[in-house]
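One file, entry.txt, carrying compact mmCIF, C-alpha atoms:
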# COMPACT_ATOMS: atom_id res chain seq x y z
CA MET A 1 46.70 -25.29 13.88
CA ALA A 2 44.03 -24.80 16.53
CA TYR A 3 43.97 -21.06 15.76
CA ALA A 4 43.66 -21.76 12.04
CA ALA A 5 40.81 -24.19 12.65
CA ALA A 6 39.01 -21.67 14.85
CA ALA A 7 39.50 -18.93 12.28
CA GLY A 8 38.19 -21.20 9.56
CA GLY A 9 35.11 -21.98 11.63
CA MET A 10 34.47 -18.29 12.25
CA ASN A 11 34.78 -17.53 8.54
CA ALA A 12 32.38 -20.34 7.69
CA ALA A 13 29.88 -19.07 10.28
CA ALA A 14 30.19 -15.50 8.97
CA SER A 15 29.71 -16.76 5.42
CA ALA A 16 26.62 -18.72 6.46
CA VAL A 17 25.12 -15.67 8.18
CA SER A 18 25.87 -13.55 5.12
CA GLY A 19 24.18 -16.13 2.92
CA VAL A 20 21.06 -16.17 5.10
CA LEU A 21 20.84 -12.36 5.01
CA ALA A 22 21.21 -12.37 1.23
CA LEU A 23 18.44 -14.97 0.90
CA GLN A 24 16.11 -13.05 3.21
CA ARG A 25 16.65 -9.77 1.37
CA THR A 26 16.13 -11.42 -2.00
CA LEU A 27 12.83 -12.88 -0.83
CA VAL A 28 11.69 -9.45 0.36
CA TRP A 29 12.49 -8.08 -3.11
CA LEU A 30 10.58 -10.97 -4.72
CA VAL A 31 7.48 -10.32 -2.62
CA GLY A 32 7.55 -6.64 -3.57
CA ALA A 33 7.96 -7.38 -7.27
CA CYS A 34 5.22 -10.03 -7.30
CA GLY A 35 2.77 -7.65 -5.65
CA ALA A 36 2.02 -6.19 -9.08
CA VAL A 37 0.75 -9.44 -10.62
CA VAL A 38 -2.63 -10.32 -9.13
CA PHE A 39 -4.97 -10.99 -12.05
CA ILE A 40 -4.86 -14.74 -11.34
CA GLU A 41 -5.52 -16.66 -8.12
CA PRO A 42 -3.54 -17.81 -6.36
CA SER A 43 -1.37 -14.95 -7.58
CA PRO A 44 2.44 -14.88 -7.71
CA TYR A 45 2.23 -12.55 -4.70
CA GLU A 46 0.61 -15.29 -2.59
CA ILE A 47 3.20 -17.83 -3.67
CA ALA A 48 6.13 -15.47 -3.03
CA THR A 49 4.73 -14.46 0.37
CA LEU A 50 4.30 -18.11 1.37
CA LEU A 51 7.88 -18.94 0.32
CA ALA A 52 9.21 -15.91 2.18
CA THR A 53 7.23 -16.77 5.32
CA VAL A 54 8.55 -20.33 5.40
CA ALA A 55 12.13 -19.19 4.73
CA PHE A 56 12.07 -16.45 7.36
CA PHE A 57 10.65 -18.71 10.05
CA ALA A 58 13.24 -21.34 9.19
CA THR A 59 16.13 -18.85 9.34
CA GLY A 60 14.96 -16.78 12.30
CA LEU A 61 12.07 -14.39 12.89
CA ARG A 62 11.09 -12.78 16.21
CA LEU A 63 7.65 -11.68 17.36
CA GLN A 64 8.44 -8.68 19.54
CA LEU A 65 6.27 -7.63 22.46
CA VAL A 66 5.52 -4.32 20.74
CA PHE A 67 3.50 -6.23 18.12
CA MET A 68 1.08 -7.81 20.59
CA PRO A 69 -1.55 -5.02 20.29
CA LEU A 70 -1.38 -5.42 16.52
CA VAL A 71 -1.77 -9.20 16.71
CA LEU A 72 -4.66 -8.92 19.18
CA ALA A 73 -6.49 -6.32 17.07
CA LEU A 74 -6.12 -8.38 13.88
CA PHE A 75 -7.23 -11.55 15.68
CA LEU A 76 -10.37 -9.98 17.16
CA LEU A 77 -11.15 -8.19 13.89
CA ASN A 78 -11.24 -11.51 12.05
CA ILE A 79 -13.05 -13.25 14.89
CA GLY A 80 -15.82 -10.72 14.35
CA TYR A 81 -15.89 -11.44 10.63
CA THR A 82 -15.89 -15.19 11.20
CA ILE A 83 -18.70 -15.17 13.78
CA CYS A 84 -20.94 -13.11 11.51
CA ALA A 85 -20.14 -15.38 8.55
CA ILE A 86 -21.05 -18.66 10.29
CA PRO A 87 -24.59 -18.85 8.82
CA LEU A 88 -23.15 -18.06 5.37
CA LEU A 89 -20.10 -20.33 5.20
CA GLY A 90 -21.95 -22.64 2.82
CA GLN A 91 -21.50 -19.92 0.20
CA THR A 92 -18.15 -20.40 -1.51
CA GLU A 93 -17.50 -16.70 -2.00
CA VAL A 94 -18.12 -15.96 1.69
CA ALA A 95 -15.79 -18.75 2.85
CA SER A 96 -13.15 -17.44 0.43
CA TRP A 97 -13.62 -13.89 1.77
CA ILE A 98 -13.07 -15.04 5.35
CA ALA A 99 -9.98 -17.05 4.39
CA THR A 100 -8.58 -14.04 2.56
CA SER A 101 -9.15 -11.80 5.58
CA TRP A 102 -7.23 -14.16 7.87
CA TYR A 103 -4.48 -14.41 5.26
CA MET A 104 -4.19 -10.61 5.03
CA ALA A 105 -3.88 -10.43 8.82
CA VAL A 106 -1.03 -12.94 8.75
CA THR A 107 0.79 -10.90 6.09
CA VAL A 108 0.56 -7.79 8.27
CA VAL A 109 2.30 -9.52 11.17
CA PHE A 110 4.81 -11.08 8.78
CA PHE A 111 5.84 -7.73 7.28
CA ALA A 112 5.97 -6.13 10.72
CA MET A 113 8.34 -8.81 12.03
CA VAL A 114 10.48 -8.85 8.88
CA LEU A 115 10.96 -5.08 8.66
CA SER A 116 11.63 -4.61 12.37
CA GLU A 117 15.08 -6.17 11.88
CA ASP A 118 17.77 -5.46 9.28
CA THR A 119 15.36 -2.63 8.53
CA ALA A 120 17.32 -0.39 6.17
CA ALA A 121 18.46 -3.21 3.89
CA ARG A 122 15.12 -5.03 3.79
CA LEU A 123 13.19 -1.82 3.17
CA GLU A 124 15.52 -1.00 0.31
CA MET A 125 14.91 -4.42 -1.24
CA LEU A 126 11.15 -4.05 -0.78
CA ARG A 127 11.32 -0.60 -2.38
CA ARG A 128 13.26 -1.92 -5.38
CA GLY A 129 10.92 -4.87 -5.78
CA LEU A 130 7.83 -2.67 -5.70
CA VAL A 131 9.32 -0.32 -8.29
CA VAL A 132 10.18 -3.20 -10.64
CA GLY A 133 6.71 -4.71 -10.24
CA ALA A 134 5.08 -1.31 -10.74
CA MET A 135 7.00 -0.76 -13.96
CA VAL A 136 5.81 -4.13 -15.28
CA ALA A 137 2.20 -3.30 -14.35
CA ALA A 138 2.39 0.27 -15.69
CA ILE A 139 3.99 -0.68 -19.01
CA SER A 140 1.44 -3.46 -19.47
CA ALA A 141 -1.39 -1.04 -18.76
CA VAL A 142 -0.14 1.60 -21.18
CA ALA A 143 0.59 -0.98 -23.88
CA GLY A 144 -2.87 -2.47 -23.47
CA TYR A 145 -4.62 0.90 -23.61
CA PHE A 146 -2.87 1.92 -26.83
CA HIS A 147 -3.33 -1.56 -28.40
CA LEU A 148 0.41 -2.21 -28.57
CA VAL A 149 0.01 -5.87 -27.54
CA PRO A 150 -1.64 -8.17 -30.12
CA ASP A 151 -4.89 -9.59 -28.68
CA GLY A 152 -3.95 -8.05 -25.32
CA ASN A 153 -6.69 -5.45 -25.13
CA ASP A 154 -9.19 -7.69 -23.29
CA LEU A 155 -6.53 -8.86 -20.85
CA LEU A 156 -4.90 -5.50 -20.10
CA THR A 157 -7.94 -3.18 -20.19
CA LEU A 158 -11.47 -3.19 -18.78
CA TYR A 159 -14.33 -1.04 -20.09
CA GLY A 160 -11.86 1.12 -21.98
CA ARG A 161 -9.70 1.66 -18.88
CA ALA A 162 -6.15 0.41 -18.38
CA ARG A 163 -5.79 -2.33 -15.78
CA GLY A 164 -2.47 -3.98 -16.70
CA THR A 165 -1.70 -6.97 -14.50
CA PHE A 166 -4.65 -6.29 -12.15
CA LYS A 167 -8.28 -7.33 -12.30
CA ASP A 168 -9.56 -3.83 -11.59
CA PRO A 169 -8.31 -0.46 -12.96
CA ASN A 170 -9.02 1.14 -9.58
CA VAL A 171 -6.67 -1.27 -7.80
CA LEU A 172 -3.98 -0.76 -10.45
CA GLY A 173 -4.08 2.98 -9.87
CA ALA A 174 -4.01 2.59 -6.10
CA PHE A 175 -1.10 0.12 -6.18
CA LEU A 176 1.04 2.38 -8.37
CA ILE A 177 0.91 5.29 -5.93
CA LEU A 178 3.56 4.03 -3.48
CA PRO A 179 6.11 3.06 -6.18
CA SER A 180 5.42 6.42 -7.84
CA LEU A 181 6.32 8.17 -4.59
CA PHE A 182 9.54 6.15 -4.36
CA VAL A 183 10.73 7.20 -7.81
CA LEU A 184 9.53 10.77 -7.26
CA GLN A 185 11.84 10.96 -4.25
CA SER A 186 14.74 9.99 -6.50
CA VAL A 187 13.69 12.59 -9.07
CA VAL A 188 13.89 15.44 -6.56
CA LEU A 189 16.95 14.24 -4.61
CA GLU A 190 19.32 12.25 -6.84
CA ARG A 191 22.03 13.49 -9.17
CA PRO A 192 20.93 14.44 -12.73
CA GLY A 193 21.55 11.05 -14.39
CA MET A 194 19.60 9.13 -11.76
CA ALA A 195 16.94 11.83 -11.60
CA ILE A 196 16.27 11.61 -15.34
CA ARG A 197 16.02 7.82 -15.25
CA ASN A 198 13.57 7.97 -12.36
CA ALA A 199 11.65 10.80 -14.03
CA ILE A 200 10.99 8.48 -16.97
CA ALA A 201 9.80 5.76 -14.58
CA PHE A 202 7.56 8.26 -12.78
CA ALA A 203 6.08 9.45 -16.08
CA ILE A 204 5.21 5.87 -17.10
CA MET A 205 3.57 5.13 -13.73
CA ALA A 206 1.69 8.44 -13.73
CA LEU A 207 0.50 7.77 -17.28
CA ALA A 208 -0.79 4.34 -16.25
CA ILE A 209 -2.62 5.90 -13.29
CA LEU A 210 -4.16 8.48 -15.61
CA LEU A 211 -5.26 5.83 -18.12
CA ALA A 212 -6.81 3.73 -15.34
CA PHE A 213 -9.34 6.58 -15.12
CA SER A 214 -9.74 6.17 -11.39
CA ARG A 215 -10.70 9.43 -9.72
CA ALA A 216 -9.50 8.15 -6.36
CA ALA A 217 -6.10 7.23 -7.83
CA TRP A 218 -5.76 10.61 -9.56
CA GLY A 219 -6.48 12.48 -6.37
CA GLY A 220 -4.45 9.99 -4.34
CA LEU A 221 -1.30 10.51 -6.41
CA VAL A 222 -1.53 14.31 -6.30
CA LEU A 223 -2.38 14.55 -2.60
CA THR A 224 0.05 11.92 -1.34
CA ALA A 225 2.87 13.32 -3.47
CA ALA A 226 2.22 16.83 -2.14
CA PHE A 227 2.01 15.51 1.42
CA MET A 228 5.22 13.50 1.09
CA LEU A 229 7.15 16.37 -0.49
CA ALA A 230 5.98 18.69 2.28
CA LEU A 231 7.22 16.22 4.89
CA MET A 232 10.52 15.91 3.02
CA VAL A 233 10.96 19.68 3.12
CA LEU A 234 10.14 19.78 6.85
CA THR A 235 12.53 16.93 7.67
CA SER A 236 15.33 18.00 5.34
CA ARG A 237 18.71 18.55 6.95
CA SER A 238 19.82 21.50 4.78
CA ASN A 239 18.42 24.58 3.06
CA THR A 240 20.06 23.48 -0.18
CA GLN A 241 18.15 20.22 -0.14
CA ARG A 242 14.91 22.02 0.69
CA SER A 243 15.38 24.37 -2.26
CA ARG A 244 16.13 21.47 -4.59
CA ILE A 245 12.99 19.61 -3.50
CA ILE A 246 10.84 22.69 -4.10
CA ILE A 247 12.37 23.51 -7.50
CA MET A 248 12.18 19.92 -8.76
CA THR A 249 8.58 19.67 -7.54
CA VAL A 250 7.61 22.69 -9.62
CA VAL A 251 9.39 21.24 -12.67
CA ALA A 252 7.71 17.83 -12.21
CA ALA A 253 4.27 19.42 -11.81
CA THR A 254 4.78 21.48 -14.98
CA LEU A 255 5.82 18.43 -17.00
CA GLY A 256 2.88 16.49 -15.59
CA LEU A 257 0.41 19.12 -16.74
CA ALA A 258 2.05 19.10 -20.16
CA LEU A 259 1.64 15.31 -20.35
CA ILE A 260 -2.05 15.59 -19.48
CA ALA A 261 -2.52 18.27 -22.14
CA VAL A 262 -0.96 16.00 -24.79
CA LEU A 263 -3.16 13.05 -23.81
CA LEU A 264 -6.31 15.16 -23.89
CA SER A 265 -5.56 15.98 -27.52
CA PHE A 266 -6.76 12.44 -28.33
CA ASP A 267 -10.55 12.44 -28.66
CA ALA A 268 -11.15 9.02 -27.08
CA THR A 269 -8.94 9.80 -24.09
CA ALA A 270 -10.46 13.25 -23.66
CA GLU A 271 -14.00 11.83 -23.72
CA MET A 272 -13.19 9.17 -21.13
CA PHE A 273 -11.37 11.72 -18.98
CA LYS A 274 -14.36 14.09 -19.13
CA GLN A 275 -16.72 11.26 -18.19
CA ARG A 276 -14.60 9.97 -15.28
CA ALA A 277 -13.62 13.40 -13.96
CA SER A 278 -17.25 14.41 -13.54
CA PHE A 279 -18.64 14.49 -10.01
CA ASP A 280 -22.10 14.02 -11.47
CA GLN A 281 -22.03 10.21 -11.55
CA SER A 282 -25.31 8.30 -11.36
CA TYR A 283 -23.92 5.75 -8.89
CA ASP A 284 -22.83 8.53 -6.51
CA GLU A 285 -26.11 10.42 -6.33
CA GLY A 286 -29.57 9.83 -4.90
CA ARG A 287 -30.93 8.05 -1.87
CA PHE A 288 -29.25 4.75 -2.85
CA GLY A 289 -26.17 6.27 -4.43
CA ARG A 290 -22.69 5.79 -2.97
CA PHE A 291 -23.03 8.44 -0.29
CA GLY A 292 -26.70 7.78 0.35
CA ARG A 293 -25.83 4.12 1.01
CA HIS A 294 -23.21 5.22 3.52
CA ILE A 295 -25.82 7.06 5.58
CA LEU A 296 -28.44 4.32 5.32
CA GLY A 297 -25.87 1.61 6.04
CA ALA A 298 -24.53 3.44 9.09
CA ASP A 299 -28.05 3.76 10.49
CA MET A 300 -28.62 0.07 9.80
CA ALA A 301 -25.35 -0.90 11.52
CA LEU A 302 -26.46 0.68 14.79
CA ASP A 303 -29.27 -1.86 15.06
CA LEU A 304 -27.22 -4.93 14.08
CA PRO A 305 -24.54 -5.88 16.63
CA PHE A 306 -23.68 -8.96 14.53
CA GLY A 307 -23.89 -7.19 11.19
CA ILE A 308 -25.28 -8.90 8.10
CA GLY A 309 -22.19 -10.94 7.16
CA PRO A 310 -19.54 -10.55 4.45
CA LEU A 311 -20.65 -9.81 0.87
CA GLN A 312 -24.30 -9.34 1.87
CA PHE A 313 -24.61 -5.56 1.56
CA HIS A 314 -25.61 -5.71 -2.12
CA ARG A 315 -28.64 -7.81 -1.12
CA TYR A 316 -30.06 -4.79 0.69
CA PHE A 317 -28.77 -2.02 -1.57
CA PRO A 318 -28.08 -1.70 -5.30
CA GLU A 319 -24.27 -1.90 -4.90
CA ASP A 320 -21.56 -2.71 -2.36
CA THR A 321 -20.65 -0.37 0.50
CA HIS A 322 -17.70 1.38 -1.17
CA ASN A 323 -16.60 2.33 2.33
CA SER A 324 -14.22 0.03 4.22
CA TYR A 325 -15.21 1.32 7.65
CA LEU A 326 -18.91 0.76 7.00
CA ASN A 327 -18.09 -2.62 5.48
CA ALA A 328 -16.35 -3.65 8.70
CA PHE A 329 -19.58 -3.01 10.62
CA MET A 330 -21.70 -4.78 8.01
CA SER A 331 -19.40 -7.79 7.63
CA GLY A 332 -18.25 -8.26 11.22
CA GLY A 333 -20.74 -6.46 13.43
CA TRP A 334 -19.79 -4.05 16.18
CA LEU A 335 -16.63 -5.96 17.14
CA SER A 336 -15.02 -5.65 13.71
CA GLY A 337 -16.66 -2.29 13.07
CA VAL A 338 -14.90 -0.76 16.07
CA LEU A 339 -11.58 -2.57 15.75
CA TYR A 340 -10.95 -1.90 12.06
CA PRO A 341 -10.95 1.92 12.22
CA ALA A 342 -9.28 1.78 15.66
CA LEU A 343 -6.36 -0.21 14.21
CA VAL A 344 -6.07 1.94 11.09
CA PHE A 345 -6.26 5.34 12.77
CA THR A 346 -4.07 4.32 15.70
CA THR A 347 -1.41 3.43 13.14
CA VAL A 348 -1.84 6.85 11.49
CA VAL A 349 -1.48 8.68 14.82
CA ILE A 350 1.59 6.69 15.87
CA GLY A 351 2.97 7.14 12.37
CA PHE A 352 2.70 10.93 12.65
CA ARG A 353 4.65 10.82 15.89
CA HIS A 354 7.54 9.05 14.13
CA VAL A 355 7.79 11.34 11.10
CA PHE A 356 10.60 13.40 12.64
CA VAL A 357 12.53 10.52 14.20
CA ARG A 358 15.99 10.51 12.58
CA VAL A 359 16.28 6.96 11.32
CA PRO A 360 18.45 5.80 8.39
CA TRP A 361 15.32 4.84 6.45
CA GLN A 362 13.45 8.11 7.05
CA ARG A 363 13.16 8.82 3.33
CA THR A 364 11.45 5.48 2.67
CA TYR A 365 9.33 5.90 5.79
CA LEU A 366 7.90 9.20 4.51
CA ALA A 367 6.84 7.58 1.22
CA VAL A 368 5.20 4.57 2.90
CA PHE A 369 3.49 6.74 5.52
CA SER A 370 2.15 9.16 2.88
CA ALA A 371 0.79 6.34 0.71
CA PHE A 372 -0.73 4.65 3.76
CA VAL A 373 -2.49 7.84 4.87
CA GLY A 374 -3.77 8.29 1.32
CA THR A 375 -5.26 4.78 1.32
CA VAL A 376 -6.83 5.38 4.73
CA GLY A 377 -8.58 8.41 3.28
CA GLU A 378 -9.55 6.55 0.12
CA SER A 379 -11.16 3.85 2.27
CA PHE A 380 -14.05 6.24 2.93
CA VAL A 381 -15.17 5.98 -0.71
CA ILE A 382 -14.01 2.53 -1.84
CA ASP A 383 -13.55 -0.98 -0.42
CA THR A 384 -9.82 -1.32 0.33
CA ASP A 385 -10.07 -4.00 3.01
CA HIS A 386 -8.70 -6.76 0.75
CA TRP A 387 -6.06 -4.75 -1.09
CA ARG A 388 -2.78 -6.63 -0.63
CA HIS A 389 -0.61 -3.53 -0.81
CA PHE A 390 -2.67 -1.83 1.91
CA TRP A 391 -1.98 -4.63 4.39
CA MET A 392 1.65 -4.68 3.28
CA MET A 393 1.93 -0.98 4.13
CA LEU A 394 0.20 -1.51 7.47
CA GLY A 395 2.70 -4.21 8.42
CA ALA A 396 5.61 -2.11 7.13
CA MET A 397 4.48 0.82 9.27
CA TRP A 398 4.49 -1.28 12.43
CA GLY A 399 7.85 -2.82 11.54
CA MET A 400 9.49 0.56 10.92
CA ILE A 401 7.97 2.04 14.07
CA ALA A 402 9.28 -0.87 16.16
CA ALA A 403 12.76 -0.52 14.65
CA ALA A 404 12.74 3.24 15.28
CA GLN A 405 12.53 2.80 19.06
CA ALA A 406 16.31 2.34 19.24
CA TYR A 407 16.71 5.84 17.77
CA LYS A 408 14.23 7.59 20.07
CA VAL A 409 16.62 8.65 22.84
CA PRO A 410 17.12 11.88 24.78
CA ALA A 411 19.48 14.26 23.00
CA GLU A 412 21.84 14.42 25.97
CA THR A 413 22.25 10.63 26.18
CA PRO A 414 24.74 9.29 23.64
CA VAL A 415 23.85 5.81 22.47
CA VAL A 416 24.92 3.37 19.80
CA PRO A 417 21.89 2.31 17.68
CA ALA A 418 20.76 -1.27 18.05
CA GLN A 419 21.34 -2.09 14.40
CA ILE A 420 23.88 -1.07 11.81
CA PRO A 421 22.03 0.00 8.64
CA VAL A 422 23.36 -1.03 5.26
CA SER A 423 23.13 2.49 3.86
CA ALA A 424 21.95 5.83 5.13
CA GLU A 425 19.87 6.51 2.03
CA PRO A 426 18.37 4.08 -0.44
CA SER A 427 19.95 4.11 -3.88
CA ALA A 428 18.04 5.21 -6.93
CA SER A 429 15.71 2.83 -8.66

Once more with this new file: its structure as structure tokens, please.
Amino acid sequence: MAYAAAAGGMNAAASAVSGVLALQRTLVWLVGACGAVVFIEPSPYEIATLLATVAFFATGLRLQLVFMPLVLALFLLNIGYTICAIPLLGQTEVASWIATSWYMAVTVVFFAMVLSEDTAARLEMLRRGLVVGAMVAAISAVAGYFHLVPDGNDLLTLYGRARGTFKDPNVLGAFLILPSLFVLQSVVLERPGMAIRNAIAFAIMALAILLAFSRAAWGGLVLTAAFMLALMVLTSRSNTQRSRIIIMTVVAATLGLALIAVLLSFDATAEMFKQRASFDQSYDEGRFGRFGRHILGADMALDLPFGIGPLQFHRYFPEDTHNSYLNAFMSGGWLSGVLYPALVFTTVVIGFRHVFVRVPWQRTYLAVFSAFVGTVGESFVIDTDHWRHFWMMLGAMWGMIAAAQAYKVPAETPVVPAQIPVSAEPSAS
């Protein structure tokens, strides 16, 4: 009887642990899926993230020592912003900007802590959630552009450009890049049935990116996809897999060019494409154009250790900075101006060093790392410092890097990994 009671208690405890894991993974999926709906505030993403944060802290979440540099950098970055905003806090938009910056910092640490444990399973749920959310956003964008939703044109498009469930077409295009890389991986690696299904998903996302008419998103998708596929070839475990990746990449590129050719047969689409694809844009050229402002703003930043405060750049120049690194100097002075690029580029460097670490989630890591590097590059020409998915990727990078330490061991020293992954490869979308 005592043995039976003990066994019953153990089964109940195991069942409780299993239930907690299931809840945690479901919340990670929910956060990923809600990341695509941000045209209202507070958005579903904020609500889902808050619920997940409360649930994870209630069921167990550890702040590892490895995250202390990240926490310190984020804290000082926002201290810089806050100090420079003190004279401006009477302005509602400035106070909201500061609150958002602190919130984004908290989400970074949250994702880092969450993905440093139960990493393979939670990453898989985040991947699936992001793909589902991206499909909702992409289908909405395409439907809005082609007037398939009654009275939905004003809601789903902006200035003739698809925006779907986002406020800005540029942010829609940028958000869709990471989910596009996820499904592209399935296209080049999965069996035919799964590959075809994911190819359809990739075509819809790519079409939405094209119809957003964001030059940065166009270039971002092409460059990050090429970068990721190159890393996949370099890290592949067999020549057969390498050959498949290369062949499927050529096929996907050919079909993509065919899709673009079909779209350009429509006069309205062709005209918008010609206009947006031009490098001869009035807001890019001249002394006060995008790149002229970068030079003038950088010179100005050298003389202002406390910056000019958040959202003040347009008071000195015709438009905003359109450069996240310059914006850090302008909004938070030298403290934030130094810490922001230091944090971002340190993550890139450390990320490169972990590309070839054999972890069970290496495939997902390559997609996240490629999209993150793409956004880091894009930050030179656009303000990305409040993009939710950018901070999500930053936190995910730190979480995956922390979890990978258990797998970085000398080849001659056999060791059992610290965690047992749910699956060696994520399943298809």

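From atom CA of Thr269 of chain A back to atom CA of Val222 of chain A, the distance works out to 19.8 Å.
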
Exercise for review: Return the single residue from A:His147, A:Ser336, A:Met228, A:Ala138 that is closest to Ile200 of chain A, with distances computed using only C-alpha atoms.
Suggested key: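 Of all the options, A:Ala138 lies closest to Ile200 of chain A.
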
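The shortest atom-to-atom distance to Tyr145 of chain A, with only C-alpha atoms taken into account, belongs to A:Phe213 out of A:Phe213, A:Tyr81, A:Phe317, A:Trp97.
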
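Comparing the minimum interatomic distances between Ala342 of chain A and each of A:Leu77, A:Leu23, A:Met330, A:Ala367, counting all atoms listed in the file, we find that A:Leu77 sits nearest.
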
Practice item. Write out as number ranges by chain which residues come within 9 Å of segment 256-261 of chain A when counting all atoms listed in the file, dropping same-chain ones fewer than 5 positions away. Key: A: 203, 206-207, 210, 251

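With all atoms listed in the file as the atoms that count, the minimum distance from Ser186 of chain A to the choices A:Thr82, A:Ser116, A:Thr364, A:Ser236 is reached by A:Thr364.
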
Check your understanding: So which one's closest to Phe57 of chain A, A:Ile98, A:Val188, A:Val20, A:Ala143? Using only C-alpha atoms, please.
Key -> A:Val20

**Study point:** Between atom CA of Cys84 of chain A and atom CA of Ala298 of chain A - distance in Å to one decimal
**Key:**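 Result for atom CA of Ala298 of chain A versus atom CA of Cys84 of chain A: 17.1 Å, one decimal.
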
**Study point:** Answer as a PyMOL selection string, residues within 7 Å of (12.7, -12.5, 10.5) using all atoms listed in the file
**Key:** chain A and resi 56-57+60-62+113-114+117

Point to revise | d(atom CA of Val106 of chain A, atom CA of Ala404 of chain A) in Å | key: 22.2 Å

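If you measure from each of A:Ala268, A:Ser43, A:Asp303, A:Gln362 to Thr235 of chain A using only C-alpha atoms, the closest one turns out to be A:Gln362.
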
All heavy atoms for segment 318-323 of chain A, written as a PDB file, in the frame of the given file, could you do that?
ATOM      1  N   PRO A 318     -28.427  -1.402  -3.912  1.00  0.00           N
ATOM      2  CA  PRO A 318     -28.080  -1.700  -5.300  1.00  0.00           C
ATOM      3  C   PRO A 318     -26.629  -2.108  -5.521  1.00  0.00           C
ATOM      4  O   PRO A 318     -26.344  -2.882  -6.436  1.00  0.00           O
ATOM      5  CB  PRO A 318     -28.382  -0.370  -6.031  1.00  0.00           C
ATOM      6  CG  PRO A 318     -29.376   0.319  -5.155  1.00  0.00           C
ATOM      7  CD  PRO A 318     -29.033  -0.061  -3.767  1.00  0.00           C
ATOM      8  N   GLU A 319     -25.688  -1.585  -4.716  1.00  0.00           N
ATOM      9  CA  GLU A 319     -24.270  -1.900  -4.900  1.00  0.00           C
ATOM     10  C   GLU A 319     -23.620  -2.153  -3.542  1.00  0.00           C
ATOM     11  O   GLU A 319     -24.267  -2.057  -2.494  1.00  0.00           O
ATOM     12  CB  GLU A 319     -23.567  -0.744  -5.618  1.00  0.00           C
ATOM     13  CG  GLU A 319     -24.012  -0.544  -7.063  1.00  0.00           C
ATOM     14  CD  GLU A 319     -23.161   0.490  -7.772  1.00  0.00           C
ATOM     15  OE1 GLU A 319     -21.937   0.538  -7.531  1.00  0.00           O
ATOM     16  OE2 GLU A 319     -23.717   1.259  -8.567  1.00  0.00           O
ATOM     17  N   ASP A 320     -22.312  -2.463  -3.590  1.00  0.00           N
ATOM     18  CA  ASP A 320     -21.560  -2.710  -2.360  1.00  0.00           C
ATOM     19  C   ASP A 320     -21.368  -1.413  -1.582  1.00  0.00           C
ATOM     20  O   ASP A 320     -21.703  -0.317  -2.051  1.00  0.00           O
ATOM     21  CB  ASP A 320     -20.201  -3.337  -2.696  1.00  0.00           C
ATOM     22  CG  ASP A 320     -20.346  -4.739  -3.271  1.00  0.00           C
ATOM     23  OD1 ASP A 320     -21.292  -5.436  -2.870  1.00  0.00           O
ATOM     24  OD2 ASP A 320     -19.525  -5.117  -4.124  1.00  0.00           O
ATOM     25  N   THR A 321     -20.770  -1.521  -0.399  1.00  0.00           N
ATOM     26  CA  THR A 321     -20.650  -0.370   0.500  1.00  0.00           C
ATOM     27  C   THR A 321     -19.788   0.749  -0.071  1.00  0.00           C
ATOM     28  O   THR A 321     -20.086   1.922   0.097  1.00  0.00           O
ATOM     29  CB  THR A 321     -20.031  -0.809   1.835  1.00  0.00           C
ATOM     30  OG1 THR A 321     -18.792  -1.477   1.581  1.00  0.00           O
ATOM     31  CG2 THR A 321     -20.970  -1.721   2.593  1.00  0.00           C
ATOM     32  N   HIS A 322     -18.683   0.389  -0.727  1.00  0.00           N
ATOM     33  CA  HIS A 322     -17.700   1.380  -1.170  1.00  0.00           C
ATOM     34  C   HIS A 322     -17.271   2.275  -0.003  1.00  0.00           C
ATOM     35  O   HIS A 322     -17.104   3.486  -0.150  1.00  0.00           O
ATOM     36  CB  HIS A 322     -18.240   2.223  -2.322  1.00  0.00           C
ATOM     37  CG  HIS A 322     -18.441   1.436  -3.586  1.00  0.00           C
ATOM     38  ND1 HIS A 322     -17.441   0.687  -4.169  1.00  0.00           N
ATOM     39  CD2 HIS A 322     -19.533   1.268  -4.380  1.00  0.00           C
ATOM     40  CE1 HIS A 322     -17.901   0.096  -5.266  1.00  0.00           C
ATOM     41  NE2 HIS A 322     -19.174   0.423  -5.403  1.00  0.00           N
ATOM     42  N   ASN A 323     -17.090   1.645   1.137  1.00  0.00           N
ATOM     43  CA  ASN A 323     -16.600   2.330   2.330  1.00  0.00           C
ATOM     44  C   ASN A 323     -16.105   1.223   3.275  1.00  0.00           C
ATOM     45  O   ASN A 323     -16.903   0.461   3.815  1.00  0.00           O
ATOM     46  CB  ASN A 323     -17.719   3.141   2.988  1.00  0.00           C
ATOM     47  CG  ASN A 323     -17.240   3.928   4.197  1.00  0.00           C
ATOM     48  OD1 ASN A 323     -16.509   3.413   5.051  1.00  0.00           O
ATOM     49  ND2 ASN A 323     -17.667   5.176   4.297  1.00  0.00           N
TER      50      ASN A 323
END
